[in-house]
>>> print(open('final-v6.csv').read())   # CSV, C-alpha atoms
chain,number,residue,atom,x,y,z
A,1,MET,CA,-186.9,-135.8,-103.2
A,2,LYS,CA,-183.2,-136.2,-103.9
A,3,ASN,CA,-183.5,-139.4,-105.7
A,4,LEU,CA,-183.4,-137.8,-109.1
A,5,LYS,CA,-184.1,-139.5,-112.4
A,6,VAL,CA,-181.9,-139.0,-115.4
A,7,PRO,CA,-184.4,-136.6,-117.2
A,8,LEU,CA,-184.3,-134.3,-114.2
A,9,ALA,CA,-180.5,-134.4,-113.8
A,10,ILE,CA,-179.9,-130.8,-114.6
A,11,GLU,CA,-181.9,-129.8,-111.6
A,12,ASN,CA,-179.5,-131.8,-109.5
A,13,TYR,CA,-176.7,-129.6,-110.6
A,14,ILE,CA,-178.4,-126.3,-110.3
A,15,ASP,CA,-180.8,-126.5,-107.4
A,16,ASN,CA,-179.7,-123.0,-106.6
A,17,LEU,CA,-177.7,-120.8,-109.0
A,18,HIS,CA,-175.5,-119.4,-106.2
A,19,LYS,CA,-174.4,-122.8,-105.0
A,20,ARG,CA,-173.3,-123.8,-108.5
A,21,VAL,CA,-171.1,-120.7,-109.1
A,22,THR,CA,-168.3,-122.2,-106.9
A,23,GLU,CA,-167.9,-125.2,-109.2
A,24,ALA,CA,-165.9,-125.6,-112.3
A,25,PRO,CA,-166.7,-123.2,-115.2
A,26,LEU,CA,-164.9,-122.8,-118.5
A,27,GLY,CA,-162.6,-119.8,-118.7
A,28,ARG,CA,-161.7,-117.5,-121.6
A,29,TYR,CA,-158.4,-115.8,-121.3
A,30,LEU,CA,-157.3,-112.8,-123.4
A,31,LYS,CA,-154.9,-115.0,-125.4
A,32,ASP,CA,-157.9,-117.2,-126.4
A,33,MET,CA,-159.4,-114.2,-128.2
A,34,ALA,CA,-156.5,-112.0,-129.0
A,35,GLY,CA,-157.6,-111.2,-132.5
A,36,ALA,CA,-160.9,-109.7,-131.3
A,37,TYR,CA,-159.2,-106.6,-129.8
A,38,GLN,CA,-157.4,-103.9,-131.8
A,39,ASP,CA,-154.6,-103.7,-129.3
A,40,ALA,CA,-154.4,-107.3,-128.0
A,41,GLU,CA,-151.0,-108.1,-129.3
A,42,SER,CA,-149.2,-105.3,-127.4
A,43,VAL,CA,-151.1,-106.1,-124.2
A,44,LEU,CA,-150.4,-109.8,-124.4
A,45,VAL,CA,-146.7,-109.3,-124.1
A,46,GLU,CA,-147.2,-108.5,-120.5
A,47,ASP,CA,-150.3,-110.2,-119.4
A,48,ASN,CA,-153.0,-112.8,-120.0
A,49,PRO,CA,-156.0,-112.1,-117.8
A,50,LEU,CA,-159.1,-114.1,-117.4
A,51,VAL,CA,-161.7,-112.2,-119.4
A,52,TYR,CA,-164.8,-114.3,-118.6
A,53,ARG,CA,-165.9,-117.7,-117.4
A,54,PHE,CA,-169.2,-119.5,-118.0
A,55,TRP,CA,-171.2,-122.5,-117.0
A,56,THR,CA,-173.3,-124.5,-119.4
A,57,PHE,CA,-176.0,-127.0,-118.4
A,58,GLU,CA,-177.7,-129.2,-121.0
A,59,PRO,CA,-180.5,-131.6,-120.1
A,60,PHE,CA,-180.1,-135.3,-120.8
A,61,PRO,CA,-181.4,-136.3,-123.2
A,62,GLY,CA,-181.6,-133.1,-125.1
A,63,GLY,CA,-184.5,-133.9,-127.4
A,64,GLU,CA,-186.7,-131.6,-129.5
A,65,GLY,CA,-188.0,-128.6,-127.6
A,66,GLU,CA,-185.6,-129.0,-124.7
A,67,LEU,CA,-183.7,-126.0,-123.3
A,68,ALA,CA,-180.1,-125.4,-122.3
A,69,PHE,CA,-179.0,-122.9,-119.6
A,70,GLY,CA,-175.8,-120.9,-119.0
A,71,MET,CA,-174.4,-118.3,-116.7
A,72,THR,CA,-171.5,-116.0,-117.5
A,73,ASP,CA,-169.2,-113.8,-115.3
A,74,LEU,CA,-167.6,-111.2,-117.5
A,75,TYR,CA,-164.9,-109.3,-115.6
A,76,PRO,CA,-164.3,-105.6,-115.8
A,77,GLY,CA,-161.2,-104.6,-117.7
A,78,LEU,CA,-159.7,-102.9,-120.7
A,79,VAL,CA,-157.6,-103.8,-123.7
A,80,GLY,CA,-156.4,-100.4,-124.8
A,81,GLN,CA,-159.6,-98.4,-125.0
A,82,GLU,CA,-161.8,-101.5,-125.5
A,83,TYR,CA,-163.8,-103.1,-122.7
A,84,PHE,CA,-163.6,-106.7,-121.9
A,85,MET,CA,-166.1,-108.7,-123.9
A,86,THR,CA,-167.2,-112.2,-124.9
A,87,ALA,CA,-166.1,-113.8,-128.1
A,88,GLY,CA,-169.6,-113.5,-129.7
A,89,HIS,CA,-171.3,-116.0,-132.0
A,90,PHE,CA,-174.1,-116.6,-134.4
A,91,HIS,CA,-176.4,-119.6,-134.2
A,92,ARG,CA,-176.5,-121.8,-137.3
A,93,GLY,CA,-180.0,-122.1,-138.7
A,94,SER,CA,-183.0,-121.0,-136.7
A,95,GLY,CA,-182.8,-120.5,-132.9
A,96,GLY,CA,-183.3,-117.6,-130.5
A,97,GLU,CA,-181.8,-117.0,-127.0
A,98,ILE,CA,-182.7,-115.1,-123.9
A,99,TYR,CA,-180.3,-113.2,-121.7
A,100,VAL,CA,-181.1,-112.0,-118.2
A,101,GLY,CA,-178.9,-109.6,-116.3
A,102,VAL,CA,-178.0,-110.7,-112.8
A,103,ALA,CA,-175.4,-108.1,-111.6
A,104,GLY,CA,-173.2,-105.4,-113.1
A,105,GLU,CA,-173.6,-103.3,-116.3
A,106,GLY,CA,-173.3,-104.6,-119.8
A,107,LEU,CA,-173.8,-103.5,-123.4
A,108,LEU,CA,-175.1,-106.3,-125.6
A,109,LEU,CA,-174.1,-106.0,-129.3
A,110,LEU,CA,-176.5,-107.7,-131.7
A,111,LEU,CA,-175.4,-108.1,-135.3
A,112,THR,CA,-177.0,-109.5,-138.5
A,113,ARG,CA,-175.1,-111.3,-141.3
A,114,ASP,CA,-175.6,-108.1,-143.3
A,115,GLY,CA,-173.8,-106.0,-140.7
A,116,GLU,CA,-176.8,-104.4,-139.1
A,117,LEU,CA,-176.1,-103.5,-135.5
A,118,GLU,CA,-178.4,-103.2,-132.4
A,119,THR,CA,-177.3,-102.6,-128.9
A,120,ARG,CA,-179.0,-103.1,-125.5
A,121,THR,CA,-177.9,-102.1,-122.0
A,122,VAL,CA,-178.1,-105.0,-119.6
A,123,VAL,CA,-178.3,-104.6,-115.9
A,124,LYS,CA,-179.9,-106.7,-113.1
A,125,ASP,CA,-183.2,-108.1,-114.3
A,126,THR,CA,-183.0,-106.8,-117.8
A,127,LEU,CA,-184.3,-109.5,-120.1
A,128,VAL,CA,-183.2,-109.3,-123.8
A,129,TYR,CA,-184.6,-111.5,-126.5
A,130,ILE,CA,-182.1,-112.4,-129.1
A,131,PRO,CA,-184.0,-113.5,-132.2
A,132,SER,CA,-182.8,-116.0,-134.8
A,133,GLY,CA,-180.1,-114.6,-137.1
A,134,TRP,CA,-178.5,-112.1,-134.7
A,135,ALA,CA,-175.0,-112.7,-133.4
A,136,HIS,CA,-174.5,-111.6,-129.8
A,137,ARG,CA,-171.5,-110.3,-127.9
A,138,MET,CA,-171.6,-108.9,-124.4
A,139,VAL,CA,-169.4,-106.0,-123.3
A,140,ASN,CA,-168.7,-105.2,-119.7
A,141,ILE,CA,-169.1,-101.4,-119.5
A,142,GLY,CA,-169.2,-101.2,-115.7
A,143,ASP,CA,-166.6,-101.3,-112.9
A,144,GLU,CA,-167.7,-104.7,-111.4
A,145,THR,CA,-168.2,-108.2,-112.7
A,146,LEU,CA,-171.1,-108.5,-115.1
A,147,ARG,CA,-173.1,-111.6,-114.5
A,148,PHE,CA,-175.9,-112.8,-116.8
A,149,THR,CA,-177.9,-116.0,-117.5
A,150,ALA,CA,-178.8,-117.4,-120.9
A,151,PHE,CA,-181.4,-119.7,-122.1
A,152,TRP,CA,-181.4,-121.4,-125.5
A,153,PRO,CA,-182.8,-124.5,-127.3
A,154,THR,CA,-180.7,-127.6,-127.1
A,155,GLY,CA,-179.2,-128.7,-130.4
A,156,ILE,CA,-178.3,-125.3,-131.6
A,157,GLU,CA,-174.9,-125.1,-133.3
A,158,HIS,CA,-172.8,-122.2,-132.3
A,159,ASP,CA,-170.9,-120.4,-135.0
A,160,TYR,CA,-167.9,-118.7,-133.4
A,161,ALA,CA,-165.8,-118.9,-136.5
A,162,SER,CA,-167.6,-116.2,-138.5
A,163,ILE,CA,-166.9,-113.6,-135.8
A,164,ARG,CA,-163.3,-114.8,-135.3
A,165,ARG,CA,-162.7,-114.4,-139.0
A,166,ASP,CA,-164.6,-111.2,-139.8
A,167,GLY,CA,-164.9,-109.5,-136.5
A,168,PHE,CA,-168.0,-107.9,-135.1
A,169,GLY,CA,-167.7,-104.7,-137.3
A,170,TYR,CA,-168.0,-102.4,-134.3
A,171,ARG,CA,-165.9,-101.8,-131.2
A,172,VAL,CA,-167.0,-100.4,-127.8
A,173,LEU,CA,-164.5,-97.9,-126.5
A,174,LYS,CA,-164.2,-96.3,-123.0
A,175,THR,CA,-164.2,-92.5,-123.4
A,176,GLU,CA,-164.5,-89.6,-121.0
A,177,ASP,CA,-168.2,-89.3,-122.1
A,178,GLY,CA,-168.8,-93.0,-121.3
A,179,PRO,CA,-169.0,-96.1,-123.6
A,180,LYS,CA,-168.9,-95.2,-127.4
A,181,VAL,CA,-169.7,-97.7,-130.1
A,182,VAL,CA,-167.6,-97.1,-133.2
A,183,LYS,CA,-167.6,-98.8,-136.6
A,184,CYS,CA,-164.4,-100.6,-137.5
A,185,LYS,CA,-162.6,-99.1,-140.5
B,186,MET,CA,-181.4,-97.8,-129.9
B,187,LYS,CA,-185.2,-97.4,-129.4
B,188,ASN,CA,-185.9,-97.8,-133.1
B,189,LEU,CA,-186.7,-101.5,-132.8
B,190,LYS,CA,-187.3,-103.9,-135.7
B,191,VAL,CA,-190.1,-106.5,-135.6
B,192,PRO,CA,-187.8,-109.5,-134.7
B,193,LEU,CA,-186.7,-107.7,-131.6
B,194,ALA,CA,-190.2,-106.6,-130.5
B,195,ILE,CA,-190.3,-108.6,-127.3
B,196,GLU,CA,-187.3,-106.7,-126.0
B,197,ASN,CA,-189.3,-103.6,-126.4
B,198,TYR,CA,-191.9,-104.9,-123.9
B,199,ILE,CA,-189.5,-106.3,-121.4
B,200,ASP,CA,-186.5,-104.1,-121.3
B,201,ASN,CA,-186.7,-104.6,-117.5
B,202,LEU,CA,-188.8,-107.2,-115.8
B,203,HIS,CA,-189.7,-104.9,-113.0
B,204,LYS,CA,-191.1,-102.2,-115.3
B,205,ARG,CA,-193.3,-104.7,-117.0
B,206,VAL,CA,-195.0,-106.0,-113.8
B,207,THR,CA,-197.2,-103.0,-113.6
B,208,GLU,CA,-198.8,-103.7,-116.9
B,209,ALA,CA,-201.7,-106.0,-117.8
B,210,PRO,CA,-201.3,-109.7,-116.8
B,211,LEU,CA,-203.8,-112.5,-117.1
B,212,GLY,CA,-205.6,-113.4,-113.8
B,213,ARG,CA,-206.8,-116.8,-112.5
B,214,TYR,CA,-209.5,-116.6,-109.9
B,215,LEU,CA,-210.6,-119.4,-107.7
B,216,LYS,CA,-213.8,-119.9,-109.6
B,217,ASP,CA,-211.7,-120.5,-112.8
B,218,MET,CA,-210.2,-123.6,-111.2
B,219,ALA,CA,-212.8,-124.6,-108.6
B,220,GLY,CA,-212.5,-128.3,-109.4
B,221,ALA,CA,-208.8,-128.4,-108.6
B,222,TYR,CA,-209.4,-128.0,-104.9
B,223,GLN,CA,-211.1,-130.5,-102.7
B,224,ASP,CA,-213.0,-127.9,-100.8
B,225,ALA,CA,-213.5,-125.3,-103.5
B,226,GLU,CA,-217.3,-125.4,-103.6
B,227,SER,CA,-217.9,-124.5,-100.1
B,228,VAL,CA,-215.3,-121.7,-100.2
B,229,LEU,CA,-216.7,-120.3,-103.4
B,230,VAL,CA,-220.0,-119.5,-101.7
B,231,GLU,CA,-218.3,-116.7,-99.9
B,232,ASP,CA,-215.4,-115.6,-101.9
B,233,ASN,CA,-213.6,-115.6,-105.3
B,234,PRO,CA,-210.0,-114.5,-104.7
B,235,LEU,CA,-207.4,-113.9,-107.3
B,236,VAL,CA,-205.1,-117.0,-107.0
B,237,TYR,CA,-202.4,-116.0,-109.5
B,238,ARG,CA,-201.6,-113.7,-112.4
B,239,PHE,CA,-199.1,-114.1,-115.2
B,240,TRP,CA,-197.5,-112.4,-118.1
B,241,THR,CA,-196.5,-114.2,-121.3
B,242,PHE,CA,-194.2,-112.8,-124.0
B,243,GLU,CA,-193.8,-114.5,-127.3
B,244,PRO,CA,-191.4,-113.3,-130.0
B,245,PHE,CA,-192.7,-112.3,-133.4
B,246,PRO,CA,-192.3,-114.3,-135.5
B,247,GLY,CA,-192.0,-117.4,-133.3
B,248,GLY,CA,-190.1,-119.7,-135.7
B,249,GLU,CA,-188.3,-122.9,-135.0
B,250,GLY,CA,-185.9,-122.6,-132.0
B,251,GLU,CA,-187.4,-119.4,-130.7
B,252,LEU,CA,-188.2,-119.0,-127.0
B,253,ALA,CA,-191.2,-117.6,-125.0
B,254,PHE,CA,-191.0,-116.1,-121.6
B,255,GLY,CA,-193.4,-115.7,-118.7
B,256,MET,CA,-193.6,-114.5,-115.2
B,257,THR,CA,-196.1,-115.5,-112.5
B,258,ASP,CA,-197.2,-114.1,-109.2
B,259,LEU,CA,-198.9,-116.8,-107.1
B,260,TYR,CA,-200.5,-115.3,-104.0
B,261,PRO,CA,-200.4,-116.9,-100.6
B,262,GLY,CA,-203.7,-118.4,-99.5
B,263,LEU,CA,-205.6,-121.5,-98.5
B,264,VAL,CA,-208.6,-123.4,-99.8
B,265,GLY,CA,-209.4,-125.5,-96.8
B,266,GLN,CA,-206.1,-127.1,-96.0
B,267,GLU,CA,-204.8,-126.7,-99.5
B,268,TYR,CA,-202.4,-124.0,-100.5
B,269,PHE,CA,-203.0,-121.7,-103.5
B,270,MET,CA,-201.6,-123.3,-106.6
B,271,THR,CA,-201.5,-122.9,-110.4
B,272,ALA,CA,-203.8,-125.0,-112.7
B,273,GLY,CA,-200.9,-127.1,-114.0
B,274,HIS,CA,-200.5,-128.5,-117.4
B,275,PHE,CA,-198.6,-130.9,-119.7
B,276,HIS,CA,-196.9,-130.0,-122.9
B,277,ARG,CA,-198.2,-131.9,-125.9
B,278,GLY,CA,-195.4,-133.7,-127.7
B,279,SER,CA,-191.8,-132.8,-126.9
B,280,GLY,CA,-190.8,-129.7,-125.1
B,281,GLY,CA,-189.1,-128.7,-121.8
B,282,GLU,CA,-189.4,-125.6,-119.7
B,283,ILE,CA,-187.2,-123.8,-117.1
B,284,TYR,CA,-188.6,-122.1,-114.0
B,285,VAL,CA,-186.5,-119.7,-112.0
B,286,GLY,CA,-187.6,-118.5,-108.5
B,287,VAL,CA,-187.6,-114.7,-108.0
B,288,ALA,CA,-189.3,-114.3,-104.6
B,289,GLY,CA,-191.3,-116.3,-102.0
B,290,GLU,CA,-191.3,-120.0,-101.4
B,291,GLY,CA,-192.9,-122.6,-103.7
B,292,LEU,CA,-193.3,-126.3,-104.1
B,293,LEU,CA,-193.2,-127.4,-107.7
B,294,LEU,CA,-195.1,-130.6,-108.5
B,295,LEU,CA,-193.9,-132.6,-111.5
B,296,LEU,CA,-196.0,-135.5,-112.8
B,297,THR,CA,-195.7,-138.0,-115.6
B,298,ARG,CA,-198.7,-139.4,-117.5
B,299,ASP,CA,-198.1,-142.6,-115.6
B,300,GLY,CA,-198.7,-140.8,-112.3
B,301,GLU,CA,-195.1,-140.6,-111.1
B,302,LEU,CA,-194.5,-137.6,-108.9
B,303,GLU,CA,-191.4,-135.4,-108.2
B,304,THR,CA,-191.4,-132.3,-106.1
B,305,ARG,CA,-188.9,-129.3,-105.9
B,306,THR,CA,-188.7,-126.5,-103.5
B,307,VAL,CA,-188.4,-123.2,-105.4
B,308,VAL,CA,-187.0,-120.0,-103.7
B,309,LYS,CA,-185.2,-117.0,-105.1
B,310,ASP,CA,-182.6,-118.1,-107.7
B,311,THR,CA,-183.6,-121.7,-107.7
B,312,LEU,CA,-183.6,-123.0,-111.3
B,313,VAL,CA,-185.6,-126.1,-112.1
B,314,TYR,CA,-185.5,-127.9,-115.4
B,315,ILE,CA,-188.8,-129.4,-116.4
B,316,PRO,CA,-188.1,-132.1,-119.0
B,317,SER,CA,-190.5,-133.2,-121.7
B,318,GLY,CA,-193.4,-135.3,-120.5
B,319,TRP,CA,-193.7,-133.9,-117.0
B,320,ALA,CA,-196.8,-131.8,-116.0
B,321,HIS,CA,-196.0,-128.9,-113.7
B,322,ARG,CA,-198.0,-127.2,-111.0
B,323,MET,CA,-196.6,-124.6,-108.6
B,324,VAL,CA,-197.9,-124.4,-105.0
B,325,ASN,CA,-197.2,-121.4,-102.8
B,326,ILE,CA,-196.2,-122.9,-99.5
B,327,GLY,CA,-194.9,-119.5,-98.1
B,328,ASP,CA,-196.5,-116.5,-96.5
B,329,GLU,CA,-195.7,-114.0,-99.2
B,330,THR,CA,-196.4,-113.8,-103.0
B,331,LEU,CA,-194.4,-116.4,-104.9
B,332,ARG,CA,-192.9,-115.0,-108.1
B,333,PHE,CA,-191.1,-117.1,-110.7
B,334,THR,CA,-190.1,-116.7,-114.3
B,335,ALA,CA,-190.5,-119.4,-117.0
B,336,PHE,CA,-188.8,-120.1,-120.3
B,337,TRP,CA,-190.1,-122.5,-123.0
B,338,PRO,CA,-189.9,-123.0,-126.7
B,339,THR,CA,-192.5,-121.2,-128.9
B,340,GLY,CA,-195.0,-123.4,-130.6
B,341,ILE,CA,-195.6,-125.7,-127.6
B,342,GLU,CA,-199.2,-126.7,-127.1
B,343,HIS,CA,-200.3,-126.5,-123.5
B,344,ASP,CA,-202.6,-129.4,-122.3
B,345,TYR,CA,-204.5,-128.0,-119.4
B,346,ALA,CA,-207.4,-130.3,-120.1
B,347,SER,CA,-205.8,-133.5,-118.8
B,348,ILE,CA,-205.2,-132.1,-115.3
B,349,ARG,CA,-208.6,-130.4,-115.2
B,350,ARG,CA,-210.2,-133.8,-116.0
B,351,ASP,CA,-208.0,-136.2,-114.0
B,352,GLY,CA,-206.5,-133.9,-111.3
B,353,PHE,CA,-202.9,-134.0,-110.4
B,354,GLY,CA,-203.1,-137.1,-108.2
B,355,TYR,CA,-201.6,-135.4,-105.2
B,356,ARG,CA,-202.6,-132.5,-102.9
B,357,VAL,CA,-200.3,-130.2,-100.9
B,358,LEU,CA,-201.8,-129.6,-97.4
B,359,LYS,CA,-200.8,-127.1,-94.7
B,360,THR,CA,-200.1,-129.0,-91.5
B,361,GLU,CA,-198.6,-128.1,-88.1
B,362,ASP,CA,-195.4,-129.8,-89.3
B,363,GLY,CA,-195.3,-127.8,-92.6
B,364,PRO,CA,-196.4,-128.7,-96.1
B,365,LYS,CA,-197.4,-132.3,-96.6
B,366,VAL,CA,-197.9,-133.9,-100.0
B,367,VAL,CA,-200.7,-136.5,-99.9
B,368,LYS,CA,-201.9,-138.9,-102.6
B,369,CYS,CA,-205.6,-138.4,-103.6
B,370,LYS,CA,-207.8,-141.3,-102.8
>>> encode(input="final-v6.csv", output="C-alpha cells")
Amino acid sequence: MKNLKVPLAIENYIDNLHKRVTEAPLGRYLKDMAGAYQDAESVLVEDNPLVYRFWTFEPFPGGEGELAFGMTDLYPGLVGQEYFMTAGHFHRGSGGEIYVGVAGEGLLLLLTRDGELETRTVVKDTLVYIPSGWAHRMVNIGDETLRFTAFWPTGIEHDYASIRRDGFGYRVLKTEDGPKVVKCK
Amino acid sequence: MKNLKVPLAIENYIDNLHKRVTEAPLGRYLKDMAGAYQDAESVLVEDNPLVYRFWTFEPFPGGEGELAFGMTDLYPGLVGQEYFMTAGHFHRGSGGEIYVGVAGEGLLLLLTRDGELETRTVVKDTLVYIPSGWAHRMVNIGDETLRFTAFWPTGIEHDYASIRRDGFGYRVLKTEDGPKVVKCK
C-alpha cells in the first residue's frame, strides 16, 4: 500500500493534511507585497513580518481535468488599520476554485475585472465557490491564524500582476465596530 | 452580501457544510446495488437499509475549468462479511478527483481498467488524489458513519455501468484480524 505509482504521487505527500503542515511551505513576507497596503512603507522601516505561507500540490502528470490542491496559513496582524491579507489574483481564461475554511476567521474578497465586489465570511467548514472571472483575496479578520484549503484545476495560469498593478479597489480596515470594507479613493 | 449573482449561486447553498447536511440528499439503498455484494440476495429478503446518501453541488454555469463538490455519508454495516460501500465508478475520458475525510474510517479502493488495485485508508483530514483512469469505491471499515467530501471538474461523465457489469474485482471483508481485501474468483 505504500508502493505508490507516479500518478498517485500526490497522495504520498498528503496522506494526512496535518502531517504535511510541518514541511516546507512558501512564505510571503510584508516586503513581498508592500504596495498592497496603504501604510506599508512606513511599517517596513521597522519590520518585515511573515504574512502568510502556503503549500501547493499538483498531480503528476497534470492532464486535462486533473486538480491541484493548496493550503494557506494567513497570520493575524495589521498594517496600519489594514488586516493581513493574501496578494490576490485572477485566473487567466476560464477556471473556478473552491476554498474551504479550516480554522480562524477570514473575509474573502471577490472582484470582477469591472470592479464589482462580493465578500464572504470564511470560518471552519465554510465552503466558497469562486467562479471563473473573479479575483480572490483572503483577509484575516480574526485574532488567530486563518487556515484554509483550496482546490483548482491544474493548468490554470495565475494572474497576480493585475492586482499588483491596479490594486483590489477596496481595503478592509479594523474599526471599533469590526471589519469595514472601504472603497479606495 | 446576500444579494448573490448567478455565477456565485453554489455558495448560496453551501455557506457552511454543516448547515447543508440537513437538506435533501440522494440515497442509495441496498436494493439499488444488490449485485455489488456477494450475499445481497439473501439479505434483501429481509431488509433494504440505506447504505449511503450524498449531496452534489455544481456551479451554474459549469464552464471549462469549473469545479463540482459533493459530500457523502456512508453508514456502517455489513452484507454478509462485506462492509457497506459505495457503488464506485470510473470517469469517462480525462478527469481526476479529490476526496477528503471528514469523520469515520474508510478504505478507498482504486482500480484501473486493467484490474490494478490500490487502496487508501481515509480518516478525518486525509486527502487522497484520485488520478484520471482510476475507478473509486469507498468502503466503511469503521463502526460509525464515514463522511467525506469530494471535488471534481464539472462536465465529467460518470461511468457506473462498467463496475455494475464487471464488479470491482476485489471485496473487502470483515475478519477477526480486521478488514481484509480479497480478489474475486
>>> residues_around(input="final-v6.csv", residues="B:Gly255", least_positions_apart="6", cutoff="9 Å", atoms="only C-alpha atoms", output="number ranges by chain")
B: 239-243, 333-337
>>> write_last_selection(input="final-v6.csv", atoms="C-alpha atoms", output="mmCIF file, in the frame of the given file")
data_model
loop_
_atom_site.group_PDB
_atom_site.id
_atom_site.type_symbol
_atom_site.label_atom_id
_atom_site.label_comp_id
_atom_site.auth_asym_id
_atom_site.auth_seq_id
_atom_site.Cartn_x
_atom_site.Cartn_y
_atom_site.Cartn_z
ATOM 1 C CA PHE B 239 -199.100 -114.100 -115.200
ATOM 2 C CA TRP B 240 -197.500 -112.400 -118.100
ATOM 3 C CA THR B 241 -196.500 -114.200 -121.300
ATOM 4 C CA PHE B 242 -194.200 -112.800 -124.000
ATOM 5 C CA GLU B 243 -193.800 -114.500 -127.300
ATOM 6 C CA PHE B 333 -191.100 -117.100 -110.700
ATOM 7 C CA THR B 334 -190.100 -116.700 -114.300
ATOM 8 C CA ALA B 335 -190.500 -119.400 -117.000
ATOM 9 C CA PHE B 336 -188.800 -120.100 -120.300
ATOM 10 C CA TRP B 337 -190.100 -122.500 -123.000
#
>>> atom_distance(input="final-v6.csv", atom1="atom CA of B:Ala288", atom2="atom CA of B:Leu235")
18.3 Å
>>> closest_residue(input="final-v6.csv", among="A:His158, A:His89, A:Lys183, A:Lys124", to="chain B", atoms="only C-alpha atoms")
A:Lys124
>>> closest_residue(input="final-v6.csv", among="B:Leu295, B:Ile283, B:Met270, B:Ala346", to="B:Ala320", atoms="only C-alpha atoms")
B:Leu295
>>> closest_residue(input="final-v6.csv", among="B:Asp217, B:Glu282, B:Asp232, B:Glu267", to="A:Pro153", atoms="all atoms listed in the file")
B:Glu282
>>> closest_residue(input="final-v6.csv", among="B:Ala225, B:Val324, B:Gly286, B:Arg213", to="B:Leu312", atoms="only C-alpha atoms")
B:Gly286
>>> atom_distance(input="final-v6.csv", atom1="atom CA of A:Ala34", atom2="atom CA of A:Ile130")
25.6 Å
>>> closest_residue(input="final-v6.csv", among="B:Arg350, B:Pro316, B:Glu329, B:Val357", to="B:Gly278", atoms="only C-alpha atoms")
B:Pro316
>>> atom_distance(input="final-v6.csv", atom1="atom CA of A:Gly167", atom2="atom CA of A:Asn48")
20.6 Å
>>> closest_residue(input="final-v6.csv", among="A:Leu173, A:Leu26, A:Ile156, A:Val43", to="chain B", atoms="all atoms listed in the file")
A:Ile156
>>> residues_around(input="final-v6.csv", residues="B:Leu259", least_positions_apart="5", cutoff="6 Å", atoms="only C-alpha atoms", output="list in words")
Tyr237, Thr330 and Leu331 of chain B
>>> residues_around(input="final-v6.csv", residues="A:Arg171", least_positions_apart="4", cutoff="7 Å", atoms="all atoms listed in the file", output="list in words")
Val181, Val182, Lys183 and Cys184 of chain A
>>> residues_near_point(input="final-v6.csv", point="(-166.9, -117.5, -133.3)", cutoff="6 Å", atoms="only C-alpha atoms", output="compact mmCIF listing (two decimals) with C-alpha atoms, in the frame of the given file")
# COMPACT_ATOMS: atom_id res chain seq x y z
CA HIS A 89 -171.30 -116.00 -132.00
CA ASP A 159 -170.90 -120.40 -135.00
CA TYR A 160 -167.90 -118.70 -133.40
CA ALA A 161 -165.80 -118.90 -136.50
CA SER A 162 -167.60 -116.20 -138.50
CA ILE A 163 -166.90 -113.60 -135.80
CA ARG A 164 -163.30 -114.80 -135.30
>>> residues_around(input="final-v6.csv", residues="B:Val236", least_positions_apart="4", cutoff="10 Å", atoms="only C-alpha atoms", output="ChimeraX atom specification")
/B:212-218,258-263,268-272,325
>>> decode(input="final-v6.csv", residues="stretch 289-303 of chain B", atoms="C-alpha atoms", output="PDB file, in the first residue's frame")
ATOM      1  CA  GLY B 289     -15.171   7.908  10.484  1.00  0.00           C
ATOM      2  CA  GLU B 290     -12.827   5.371   8.918  1.00  0.00           C
ATOM      3  CA  GLY B 291     -12.857   4.293   5.289  1.00  0.00           C
ATOM      4  CA  LEU B 292     -10.896   2.190   2.886  1.00  0.00           C
ATOM      5  CA  LEU B 293     -10.791   3.660  -0.599  1.00  0.00           C
ATOM      6  CA  LEU B 294     -10.391   1.176  -3.446  1.00  0.00           C
ATOM      7  CA  LEU B 295      -8.768   2.493  -6.628  1.00  0.00           C
ATOM      8  CA  LEU B 296      -8.873   0.360  -9.748  1.00  0.00           C
ATOM      9  CA  THR B 297      -7.573   0.729 -13.308  1.00  0.00           C
ATOM     10  CA  ARG B 298      -9.332  -0.670 -16.391  1.00  0.00           C
ATOM     11  CA  ASP B 299      -6.578  -3.299 -16.406  1.00  0.00           C
ATOM     12  CA  GLY B 300      -7.582  -4.531 -12.962  1.00  0.00           C
ATOM     13  CA  GLU B 301      -4.713  -2.983 -10.996  1.00  0.00           C
ATOM     14  CA  LEU B 302      -5.780  -2.176  -7.432  1.00  0.00           C
ATOM     15  CA  GLU B 303      -4.557   0.431  -4.924  1.00  0.00           C
TER      16      GLU B 303
END
